[in-house]
2 protein chains.
Amino acid sequence: MQGTLLLRQALHRNADGVATVCGSRQRNWREVGRRVPRMAAALRGLGVKDGAFVAVLSMNSDRYLELFFAVPWAGGSIAPMNVRWAADENLYALEDCHATVLCVDDAFIDQGQQLGKNFPGLKAIIHIGDEPTPEGMLSYEDLIAANAPMEDADRKNGDLYAVFYTGGTTGRPKGVALTHSALCHASTAWLAMLPDVEDLSFAYVGGFFHFSGSSPIHYITMAGGTHVILPKFEPLSMMQAIHNHKVSNAVMVPTIVNMLISHPDFDKYDLSSLRTCVYGGSPMPEALMAAAAAKLPGLRFYQIYGMTETGGFATMLRWRDHVFNGPKAERIRSCGQPGPGVEVKIVSPEGETLGPRQMGEIVMRSDYLMMGYMNRPEQTAEVLRDGWMYSGDAGYLDEDGYLYVADRVKDMIVTGGENVYSIEVERALFQHPAVREAAVIGIPSKDWGEAVHAVVVLKPGMTATGEELIAHCRTLIGGYKCPKSVEFRSEPLPLSPKNTVMKNVLRDPYWAGQDRKI
Amino acid sequence: MQGTLLLRQALHRNADGVATVCGSRQRNWREVGRRVPRMAAALRGLGVKDGAFVAVLSMNSDRYLELFFAVPWAGGSIAPMNVRWAADENLYALEDCHATVLCVDDAFIDQGQQLGKNFPGLKAIIHIGDEPTPEGMLSYEDLIAANAPMEDADRKNGDLYAVFYTGGTTGRPKGVALTHSALCHASTAWLAMLPDVEDLSFAYVGGFFHFSGSSPIHYITMAGGTHVILPKFEPLSMMQAIHNHKVSNAVMVPTIVNMLISHPDFDKYDLSSLRTCVYGGSPMPEALMAAAAAKLPGLRFYQIYGMTETGGFATMLRWRDHVFNGPKAERIRSCGQPGPGVEVKIVSPEGETLGPRQMGEIVMRSDYLMMGYMNRPEQTAEVLRDGWMYSGDAGYLDEDGYLYVADRVKDMIVTGGENVYSIEVERALFQHPAVREAAVIGIPSKDWGEAVHAVVVLKPGMTATGEELIAHCRTLIGGYKCPKSVEFRSEPLPLSPKNTVMKNVLRDPYWAGQDRKI
């Protein structure tokens with residue numbers, strides 16, 4: 001199965017249905033189906049074929065979405081660039097994949113021009129924004145108007161579809177290379193996991209440059225659904241989008257769900273079309289679930305665990321497992337069971353497969369795994385072994401195959417020879433009524449190797465001392481796991497594009513001039 | 001993805017849930033999960049590894065179902081034998097795949113012993129029935145009891161999973177070889193097509209030896225559902241099974257649905273759990289849909305078109321397309337649109353791709369296609385060209401990609417240089433109030449090459465002459481399409497295992513000593 005087939009499936013299922021909504025612009029699948037082969041012809045004219053790369057540096061838009069189909073239609077591969085990265089990180093990515101064409105929107109005209117100067121390999125820069133096209137760039141709409149449609153290049157299963165660059169905030173970017181087969185079969189698996197496959201309307205919160213933000217492009221298209229694209233997330237415009245376009249599905253972390261249901265204008269909009277919320281990164285808090293159930297009784301939650309390297313998803317906590325009482329209440333702390341076609345095992349540092357409830361590295365296998373990291377055979381060999389992806393995450397499985405992600409191995413704290421999983425400490429801190437945000441990191445300690453250190457933001461108007469919080473933790477978790485020190489901040493903690501706290505940012509100042517062992 | 005993974009997924013999703021129901025016997029997934037690796041060890045002890053074949057000649061049973069997982073777990077491939085075939089046809093199949101082991105149930109002890117004598121390549125015959133195990137055979141349950149579980153042989157994606165023998169009633173059997181990858185990805189696609197993936201309970205009507213009868217083994221297992229196995233179809237036991245095991249899904253052709261809803265004991269059973277009926281082979285009659293809607297309001301119909309060679313399904317007419325009035329009513333005569341991951345095109349005899357509403361050969365492509373016919377490279381090359389499967393069926397696509405199967409090409413009648421698609425003539429005949437069954441075939445004609453000939457069974461107590469029926473057809477279809485002759489029968493027409501009329505059986509006597517050109 002290859003990427004352009006997904007577009008043809010949308011054309012079959014829903015030619016007259018709305019394909020994309022972007023601001024005030026709306027197109028049906030028939031129109032998108034006419035535009036893509038013309039844009040592909042334009043790209044082909046610029047030399048895009050045989051897997052050549054088209055890089056895209058842009059906020060989400062309908063044109064960006066079309067490129068996910070136009071690029072493979074031309075025979076190329078797509079490389080979304082991280083909108084949060086500095087120009088030199090994106091330059092590194094452009095060079096890494098030898099991009100032939102770069103596409104930028106209005107927000108990235110300057111960076112586009114700078115990249116164009118610094119990377120002479122580019123044959124063209126295409127402007128996909130709404131403002132007038134700058135000098136030296138080609139206009140996306142002009143290219144569509146000027147080109148006759150081309151035949152689908154009909155890429156093969158094993159050909160590269162896309163490269164997603166990750167890791168830029170903590171090190172040199174790594175390009176996760178995904179084939180047509182991986183991406184398309186993962187789309188089928190998504191549809192097999194979700195409760196509804198008819199009349200899907202998906203609102204985007206995350207950026208397309210991140211695979212978790214763009215995988216709905218594929219499975220929603222396969223189902224002939226509607227893509228509702230918000231150029232930037234903002235609770236009010238999200239509520240308007242849900243109301244206006246009968247949005248049924250979204251990927252929203254608990255924080256974002258909370259922003260919606262606690263919004264003062266919540267009652268002004270009809271959000272009852274919302275049926276499926278996929279989230280990841282952190283467990284669903286009980287109070288939030290209760291609040292969501294009261295305000296959006298039709299909404300069902302599905303937690304996903306996975307990484308770009310595993311084709312986006314690996315396990316899923318189904319709606320029926322969102323239970324806070326009774327013998328199965330433990331499961332709400334897990335990220336569910338393997339999704340269709342996925343195997344998960346827990347491996348010891350010695351490479352042994354571990355039994356239920358034994359903590360070790362989470363290792364996954366499926367037909368959705370990456371081919372490898374672009375141009376990095378050694379790093380690929382480190383994580384892809386015998387067809388299994390070594391995640392670098394620590395966790396365990398229970399007797400029923402529910403996966404509990406303890407922590408990122410690198411966020412694990414080794415103190416006095418004991419392993420402390422920061423998430424457990426954070427969970428204890430969150431149970432204190434004054435704590436709004438908390439992140440637990442390891443900082444250097446002469447006595448212990450590392451010491452457990454908490455960074456906390458208190459709720460407005462609430463107070464608590466470090467001693468108080470440490471004493472609170474002692475009532476909940478083992479003494480060696482409790483913070484040795486607490487640091488208070490008034491600003492929100494720094495978030496990654498996945499909306500998880502960037503612990504490296506908190507940790508790095510403490511380790512300046514020293515090497516962390518992990 | 002490979003076959004034994006499906007079993008592991010059931011263990012994850014529903015270890016304590018009912019896996020198989022067979023007569024009064026019931027097992028949960030945990031038990032099946034314990035039995036399969038032991039049976040695999042027994043098979044391994046008999047030499048089953050590296051793709052060696054285990055043939056199964058049996059009515060449907062829970063043990064037969066377990067073999068679909070135990071055989072690949074051991075490292076072998078499964079070859080279900082056709083229960084309707086004569087011993088020499090099955091002998092041909094056994095020889096064709098060099099079967100290592102044969103499994104038979106009580107109904108096939110005699111044929112098993114005969115095959116054992118005639119095919120000395122067999123290392124063992126395993127008795128999977130409930131009666132005492134005959135002399136010279138091994139007992140399935142004894143083997144499970146005597147063997148410790150083995151590790152999964154962990155077959156690869158491209159390895160052979162199963163060979164289904166087809167075509168035995170019209171020629172020499174052909175073994176359709178399906179890989180793990182094809183079969184497992186088709187299972188994901190099934191789940192992506194169906195409206196519900198939770199709490200599935202499937203009742204079997206068709207035999208496992210036919211791929212359309214056994215494909216639910218795979219997708220229902222993947223979803224952790226329940227297999228309700230009726231050794232033989234019979235309306236009363238089907239209704240009891242639905243009632244007792246809250247059956248949600250079944251594959252039932254319209255004739256069988258009709259048998260249920262018009263059964264005198266219908267009201268004695270609670271069939272309200274039935275949600276999804278998949279059917280194929282013939283369109284859903286409007287009157288039957290109305291009757292079903294009145295009696296089983298929760299039941300949704302999905303028509304499937306496909307063949308063993310395409311991994312079972314290719315297109316699906318969704319529930320929402322089961323509409324008999326308005327501008328889209330035409331679609332009820334189609335078999336729907338391509339399923340997830342499937343492409344369909346219509347090709348002229350010259351190999352050109354045809355446009356909407358142009359009749360030609362139906363050609364399909366997906367990752368679920370067969371590898372080829374066992375030991376038949378020439379016949380494989382004839383139907384598998386450039387990755388496309390040439391179905392031998394005639395049909396056309398409409399503007400929205402709905403596929404209309406006009407007829408099997410070989411059932412097409414060429415009369416006076418015109419092509420007549422028998423289904424069109426049959427549809428006209430069915431509109432006569434006295435007609436209960438009708439099949440239209442081409443018979444030799446000096447004047448026309450072939451002449452259109454109808455074989456008709458009238459409804460009990462009704463009368464009609466051949467002239468009357470021909471005149472009736474003339475009011476509905478072109479003169480050259482109308483039967484030139486009508487033959488009346490009092491017995492039901494002969495049905496294939498797919499419950500379609502075996503036209504070759506009707507046609508052959510007319511062509512004795514002559515070659516049909518098509």
# chains A, B, ... in the order shown; residues from 1 in each chain; ligands from 1

$ select_by_dssp --residues "segment 283-351 of chain A" --states "strand (DSSP E)" --output "mmCIF file with C-alpha atoms, in the first residue's frame"
data_model
loop_
_atom_site.group_PDB
_atom_site.id
_atom_site.type_symbol
_atom_site.label_atom_id
_atom_site.label_comp_id
_atom_site.auth_asym_id
_atom_site.auth_seq_id
_atom_site.Cartn_x
_atom_site.Cartn_y
_atom_site.Cartn_z
ATOM 1 C CA ARG A 300 -14.583 8.786 24.589
ATOM 2 C CA PHE A 301 -10.881 8.818 25.452
ATOM 3 C CA TYR A 302 -8.141 6.670 23.962
ATOM 4 C CA GLN A 303 -4.610 6.927 25.272
ATOM 5 C CA ILE A 304 -1.826 6.163 22.833
ATOM 6 C CA TYR A 305 1.771 5.293 23.502
ATOM 7 C CA THR A 315 -0.282 0.632 22.455
ATOM 8 C CA MET A 316 -3.734 1.973 23.188
ATOM 9 C CA LEU A 317 -5.695 2.347 26.416
ATOM 10 C CA GLN A 337 -2.403 -2.872 25.277
ATOM 11 C CA PRO A 338 -0.654 -3.403 21.949
ATOM 12 C CA GLU A 343 3.987 -6.666 19.821
ATOM 13 C CA VAL A 344 5.495 -5.289 23.005
ATOM 14 C CA LYS A 345 8.015 -6.879 25.321
ATOM 15 C CA ILE A 346 10.119 -5.757 28.256
ATOM 16 C CA VAL A 347 13.811 -6.450 28.062
#

$ interface_residues --of "chain A" --to "chain B" --cutoff "6 Å" --atoms "only C-alpha atoms" --output "VMD selection string"
chain A and resid 1 12 188 to 189 191 to 192 341 400 to 401

$ write_last_selection --atoms "N, CA and C atoms" --output "PDB file, in the first residue's frame"
ATOM      1  N   MET A   1       0.849  -1.186   0.000  1.00  0.00           N
ATOM      2  CA  MET A   1       0.000   0.000   0.000  1.00  0.00           C
ATOM      3  C   MET A   1       0.881   1.231   0.000  1.00  0.00           C
ATOM      4  N   HIS A  12     -12.933   7.891  -3.523  1.00  0.00           N
ATOM      5  CA  HIS A  12     -13.982   6.882  -3.646  1.00  0.00           C
ATOM      6  C   HIS A  12     -15.061   7.064  -2.594  1.00  0.00           C
ATOM      7  N   THR A 188      -4.376   1.912   8.433  1.00  0.00           N
ATOM      8  CA  THR A 188      -5.433   0.899   8.549  1.00  0.00           C
ATOM      9  C   THR A 188      -5.595   0.505  10.012  1.00  0.00           C
ATOM     10  N   ALA A 189      -4.469   0.327  10.694  1.00  0.00           N
ATOM     11  CA  ALA A 189      -4.529  -0.077  12.099  1.00  0.00           C
ATOM     12  C   ALA A 189      -5.204   0.994  12.955  1.00  0.00           C
ATOM     13  N   LEU A 191      -7.589   2.973  11.961  1.00  0.00           N
ATOM     14  CA  LEU A 191      -9.033   2.845  11.734  1.00  0.00           C
ATOM     15  C   LEU A 191      -9.580   1.609  12.435  1.00  0.00           C
ATOM     16  N   ALA A 192      -8.742   0.577  12.529  1.00  0.00           N
ATOM     17  CA  ALA A 192      -9.194  -0.643  13.215  1.00  0.00           C
ATOM     18  C   ALA A 192      -9.277  -0.435  14.731  1.00  0.00           C
ATOM     19  N   GLY A 341      -1.603  -5.472  15.281  1.00  0.00           N
ATOM     20  CA  GLY A 341      -0.353  -5.735  14.577  1.00  0.00           C
ATOM     21  C   GLY A 341       0.905  -5.367  15.336  1.00  0.00           C
ATOM     22  N   ASP A 400      -2.046  -8.885  32.011  1.00  0.00           N
ATOM     23  CA  ASP A 400      -2.941  -8.830  30.871  1.00  0.00           C
ATOM     24  C   ASP A 400      -2.368  -8.043  29.699  1.00  0.00           C
ATOM     25  N   GLY A 401      -1.073  -7.767  29.759  1.00  0.00           N
ATOM     26  CA  GLY A 401      -0.443  -7.098  28.628  1.00  0.00           C
ATOM     27  C   GLY A 401      -0.635  -5.595  28.610  1.00  0.00           C
TER      28      GLY A 401
END

$ atom_distance --atom1 "atom CA of Arg507 of chain B" --atom2 "atom CA of Leu458 of chain B"
19.6 Å

$ select_by_dssp --residues "segment 17-257 of chain A" --states "alpha helix (DSSP H)" --output "PyMOL selection string"
chain A and resi 29-45+62-74+87-97+109-118+140-146+180-193+211-222+235-245+254-257

$ atom_distance --atom1 "atom CA of Ala291 of chain B" --atom2 "atom CA of Ser248 of chain B"
18.8 Å

$ closest_residue --among "B:Ala177, B:Ala290, B:Met150, B:Met307" --to "Val71 of chain B" --atoms "only C-alpha atoms"
B:Met150

$ residues_around --residues "Leu160 of chain B" --least-positions-apart "3" --cutoff "7 Å" --atoms "only C-alpha atoms" --output "number ranges by chain"
B: 51, 77, 177-180

$ atom_distance --atom1 "atom CA of Ala42 of chain B" --atom2 "atom CA of Ile144 of chain B"
7.0 Å

$ closest_residue --among "B:Leu115, B:Val54, B:Ala329, B:Ala406" --to "Tyr161 of chain B" --atoms "only C-alpha atoms"
B:Val54

$ residues_around --residues "Val21 of chain A" --least-positions-apart "4" --cutoff "6 Å" --atoms "only C-alpha atoms" --output "PyMOL selection string"
chain A and resi 25-26+228-229

$ write_last_selection --atoms "N, CA and C atoms" --output "PDB file, in the first residue's frame"
ATOM      1  N   ARG A  25     -11.287  28.935   4.080  1.00  0.00           N
ATOM      2  CA  ARG A  25     -11.176  28.177   2.833  1.00  0.00           C
ATOM      3  C   ARG A  25     -11.614  26.733   3.067  1.00  0.00           C
ATOM      4  N   GLN A  26     -12.350  26.211   2.122  1.00  0.00           N
ATOM      5  CA  GLN A  26     -12.870  24.859   2.252  1.00  0.00           C
ATOM      6  C   GLN A  26     -12.834  24.180   0.891  1.00  0.00           C
ATOM      7  N   VAL A 228      -9.890  19.482   9.641  1.00  0.00           N
ATOM      8  CA  VAL A 228     -10.140  20.862  10.065  1.00  0.00           C
ATOM      9  C   VAL A 228      -8.827  21.387  10.631  1.00  0.00           C
ATOM     10  N   ILE A 229      -8.251  22.337   9.908  1.00  0.00           N
ATOM     11  CA  ILE A 229      -6.879  22.746  10.219  1.00  0.00           C
ATOM     12  C   ILE A 229      -6.876  24.123  10.860  1.00  0.00           C
TER      13      ILE A 229
END

$ residues_around --residues "Gly175 of chain A" --least-positions-apart "5" --cutoff "9 Å" --atoms "only C-alpha atoms" --output "ChimeraX atom specification"
/A:79,93,96-97,163-167,372-376

$ residues_around --residues "segment 121-127 of chain A" --least-positions-apart "2" --cutoff "7 Å" --atoms "only C-alpha atoms" --output "short mmCIF file (atom, residue, chain, number, x, y, z; two decimals) with N, CA and C atoms, in the first residue's frame"
data_model
loop_
_atom_site.label_atom_id
_atom_site.label_comp_id
_atom_site.auth_asym_id
_atom_site.auth_seq_id
_atom_site.Cartn_x
_atom_site.Cartn_y
_atom_site.Cartn_z
N LEU A 46 10.35 20.44 -11.16
CA LEU A 46 11.47 20.98 -10.39
C LEU A 46 12.48 19.90 -10.01
N HIS A 98 19.30 16.06 1.62
CA HIS A 98 19.58 16.62 0.29
C HIS A 98 18.30 17.14 -0.36
N ALA A 99 17.55 17.96 0.36
CA ALA A 99 16.26 18.41 -0.16
C ALA A 99 16.40 19.08 -1.52
N THR A 100 15.47 18.77 -2.41
CA THR A 100 15.45 19.36 -3.75
C THR A 100 14.64 20.65 -3.76
N VAL A 101 13.53 20.64 -3.00
CA VAL A 101 12.62 21.77 -2.95
C VAL A 101 12.29 22.03 -1.48
N LEU A 102 12.11 23.32 -1.15
CA LEU A 102 11.65 23.69 0.19
C LEU A 102 10.35 24.46 0.03
N CYS A 103 9.36 24.15 0.88
CA CYS A 103 8.11 24.90 0.88
C CYS A 103 8.00 25.65 2.20
N VAL A 104 7.65 26.92 2.14
CA VAL A 104 7.48 27.70 3.38
C VAL A 104 6.18 28.50 3.31
N ASP A 105 5.61 28.78 4.46
CA ASP A 105 4.43 29.65 4.51
C ASP A 105 4.85 31.05 4.94
N GLY A 116 17.71 29.02 1.94
CA GLY A 116 18.01 28.98 0.51
C GLY A 116 19.43 29.44 0.21
N PHE A 119 21.89 26.72 1.75
CA PHE A 119 21.88 25.39 1.17
C PHE A 119 21.61 25.49 -0.33
N GLY A 129 2.03 30.15 1.51
CA GLY A 129 1.23 31.03 2.38
C GLY A 129 0.16 31.78 1.60
N THR A 133 3.53 36.23 -2.90
CA THR A 133 4.73 35.41 -2.94
C THR A 133 5.97 36.29 -3.07
N MET A 137 10.76 33.27 -4.88
CA MET A 137 10.02 32.05 -4.54
C MET A 137 8.93 31.82 -5.58
N LEU A 138 8.47 30.56 -5.67
CA LEU A 138 7.38 30.22 -6.58
C LEU A 138 6.07 30.16 -5.79
N SER A 139 4.99 30.53 -6.45
CA SER A 139 3.70 30.50 -5.77
C SER A 139 3.04 29.14 -5.95
N TYR A 140 2.62 28.55 -4.83
CA TYR A 140 1.96 27.24 -4.84
C TYR A 140 0.75 27.24 -5.78
#

$ decode --residues "segment 61-89 of chain A" --atoms "N, CA and C atoms" --output "PDB file, in the first residue's frame"
ATOM      1  N   SER A  61      -1.517  23.823   7.356  1.00  0.00           N
ATOM      2  CA  SER A  61      -2.457  24.438   6.420  1.00  0.00           C
ATOM      3  C   SER A  61      -2.970  23.380   5.456  1.00  0.00           C
ATOM      4  N   ASP A  62      -4.002  23.733   4.721  1.00  0.00           N
ATOM      5  CA  ASP A  62      -4.553  22.811   3.721  1.00  0.00           C
ATOM      6  C   ASP A  62      -3.524  22.502   2.634  1.00  0.00           C
ATOM      7  N   ARG A  63      -2.716  23.498   2.285  1.00  0.00           N
ATOM      8  CA  ARG A  63      -1.712  23.259   1.235  1.00  0.00           C
ATOM      9  C   ARG A  63      -0.620  22.313   1.744  1.00  0.00           C
ATOM     10  N   TYR A  64      -0.250  22.500   2.983  1.00  0.00           N
ATOM     11  CA  TYR A  64       0.738  21.610   3.604  1.00  0.00           C
ATOM     12  C   TYR A  64       0.195  20.173   3.545  1.00  0.00           C
ATOM     13  N   LEU A  65      -1.089  20.036   3.880  1.00  0.00           N
ATOM     14  CA  LEU A  65      -1.700  18.705   3.865  1.00  0.00           C
ATOM     15  C   LEU A  65      -1.673  18.115   2.452  1.00  0.00           C
ATOM     16  N   GLU A  66      -1.991  18.935   1.443  1.00  0.00           N
ATOM     17  CA  GLU A  66      -1.955  18.430   0.059  1.00  0.00           C
ATOM     18  C   GLU A  66      -0.567  17.918  -0.319  1.00  0.00           C
ATOM     19  N   LEU A  67       0.459  18.578   0.231  1.00  0.00           N
ATOM     20  CA  LEU A  67       1.827  18.156  -0.109  1.00  0.00           C
ATOM     21  C   LEU A  67       2.118  16.724   0.337  1.00  0.00           C
ATOM     22  N   PHE A  68       1.443  16.275   1.407  1.00  0.00           N
ATOM     23  CA  PHE A  68       1.644  14.891   1.846  1.00  0.00           C
ATOM     24  C   PHE A  68       1.218  13.884   0.764  1.00  0.00           C
ATOM     25  N   PHE A  69       0.395  14.340  -0.176  1.00  0.00           N
ATOM     26  CA  PHE A  69      -0.002  13.465  -1.273  1.00  0.00           C
ATOM     27  C   PHE A  69       0.657  13.856  -2.595  1.00  0.00           C
ATOM     28  N   ALA A  70       0.853  15.156  -2.799  1.00  0.00           N
ATOM     29  CA  ALA A  70       1.456  15.618  -4.059  1.00  0.00           C
ATOM     30  C   ALA A  70       2.914  15.153  -4.169  1.00  0.00           C
ATOM     31  N   VAL A  71       3.626  15.151  -3.056  1.00  0.00           N
ATOM     32  CA  VAL A  71       5.046  14.774  -3.099  1.00  0.00           C
ATOM     33  C   VAL A  71       5.211  13.305  -3.516  1.00  0.00           C
ATOM     34  N   PRO A  72       4.529  12.352  -2.863  1.00  0.00           N
ATOM     35  CA  PRO A  72       4.666  10.968  -3.349  1.00  0.00           C
ATOM     36  C   PRO A  72       4.067  10.783  -4.749  1.00  0.00           C
ATOM     37  N   TRP A  73       3.020  11.533  -5.073  1.00  0.00           N
ATOM     38  CA  TRP A  73       2.431  11.430  -6.417  1.00  0.00           C
ATOM     39  C   TRP A  73       3.485  11.759  -7.473  1.00  0.00           C
ATOM     40  N   ALA A  74       4.345  12.742  -7.144  1.00  0.00           N
ATOM     41  CA  ALA A  74       5.432  13.114  -8.068  1.00  0.00           C
ATOM     42  C   ALA A  74       6.551  12.082  -8.050  1.00  0.00           C
ATOM     43  N   GLY A  75       6.551  11.247  -7.016  1.00  0.00           N
ATOM     44  CA  GLY A  75       7.640  10.271  -6.873  1.00  0.00           C
ATOM     45  C   GLY A  75       8.645  10.643  -5.800  1.00  0.00           C
ATOM     46  N   GLY A  76       8.362  11.704  -5.057  1.00  0.00           N
ATOM     47  CA  GLY A  76       9.305  12.174  -4.044  1.00  0.00           C
ATOM     48  C   GLY A  76       8.976  11.698  -2.639  1.00  0.00           C
ATOM     49  N   SER A  77       9.769  12.206  -1.695  1.00  0.00           N
ATOM     50  CA  SER A  77       9.554  11.931  -0.270  1.00  0.00           C
ATOM     51  C   SER A  77       9.440  13.276   0.437  1.00  0.00           C
ATOM     52  N   ILE A  78       8.654  13.307   1.497  1.00  0.00           N
ATOM     53  CA  ILE A  78       8.413  14.577   2.188  1.00  0.00           C
ATOM     54  C   ILE A  78       9.222  14.640   3.487  1.00  0.00           C
ATOM     55  N   ALA A  79       9.737  15.813   3.772  1.00  0.00           N
ATOM     56  CA  ALA A  79      10.502  16.006   5.006  1.00  0.00           C
ATOM     57  C   ALA A  79       9.970  17.246   5.727  1.00  0.00           C
ATOM     58  N   PRO A  80       9.030  17.045   6.658  1.00  0.00           N
ATOM     59  CA  PRO A  80       8.512  18.196   7.413  1.00  0.00           C
ATOM     60  C   PRO A  80       9.596  18.727   8.349  1.00  0.00           C
ATOM     61  N   MET A  81       9.750  20.035   8.375  1.00  0.00           N
ATOM     62  CA  MET A  81      10.771  20.678   9.216  1.00  0.00           C
ATOM     63  C   MET A  81      10.111  21.170  10.499  1.00  0.00           C
ATOM     64  N   ASN A  82      10.874  21.150  11.561  1.00  0.00           N
ATOM     65  CA  ASN A  82      10.351  21.526  12.873  1.00  0.00           C
ATOM     66  C   ASN A  82      10.213  23.037  12.989  1.00  0.00           C
ATOM     67  N   VAL A  83       8.978  23.509  13.206  1.00  0.00           N
ATOM     68  CA  VAL A  83       8.745  24.957  13.246  1.00  0.00           C
ATOM     69  C   VAL A  83       9.319  25.603  14.500  1.00  0.00           C
ATOM     70  N   ARG A  84       9.729  24.786  15.468  1.00  0.00           N
ATOM     71  CA  ARG A  84      10.305  25.365  16.688  1.00  0.00           C
ATOM     72  C   ARG A  84      11.822  25.384  16.662  1.00  0.00           C
ATOM     73  N   TRP A  85      12.386  24.852  15.638  1.00  0.00           N
ATOM     74  CA  TRP A  85      13.837  24.768  15.612  1.00  0.00           C
ATOM     75  C   TRP A  85      14.484  26.039  15.089  1.00  0.00           C
ATOM     76  N   ALA A  86      15.719  26.215  15.478  1.00  0.00           N
ATOM     77  CA  ALA A  86      16.512  27.318  14.943  1.00  0.00           C
ATOM     78  C   ALA A  86      16.890  26.983  13.504  1.00  0.00           C
ATOM     79  N   ALA A  87      17.243  28.035  12.744  1.00  0.00           N
ATOM     80  CA  ALA A  87      17.552  27.846  11.326  1.00  0.00           C
ATOM     81  C   ALA A  87      18.682  26.844  11.121  1.00  0.00           C
ATOM     82  N   ASP A  88      19.662  26.822  12.042  1.00  0.00           N
ATOM     83  CA  ASP A  88      20.781  25.909  11.779  1.00  0.00           C
ATOM     84  C   ASP A  88      20.406  24.445  12.005  1.00  0.00           C
ATOM     85  N   GLU A  89      19.400  24.202  12.863  1.00  0.00           N
ATOM     86  CA  GLU A  89      18.912  22.827  13.018  1.00  0.00           C
ATOM     87  C   GLU A  89      18.176  22.386  11.751  1.00  0.00           C
TER      88      GLU A  89
END
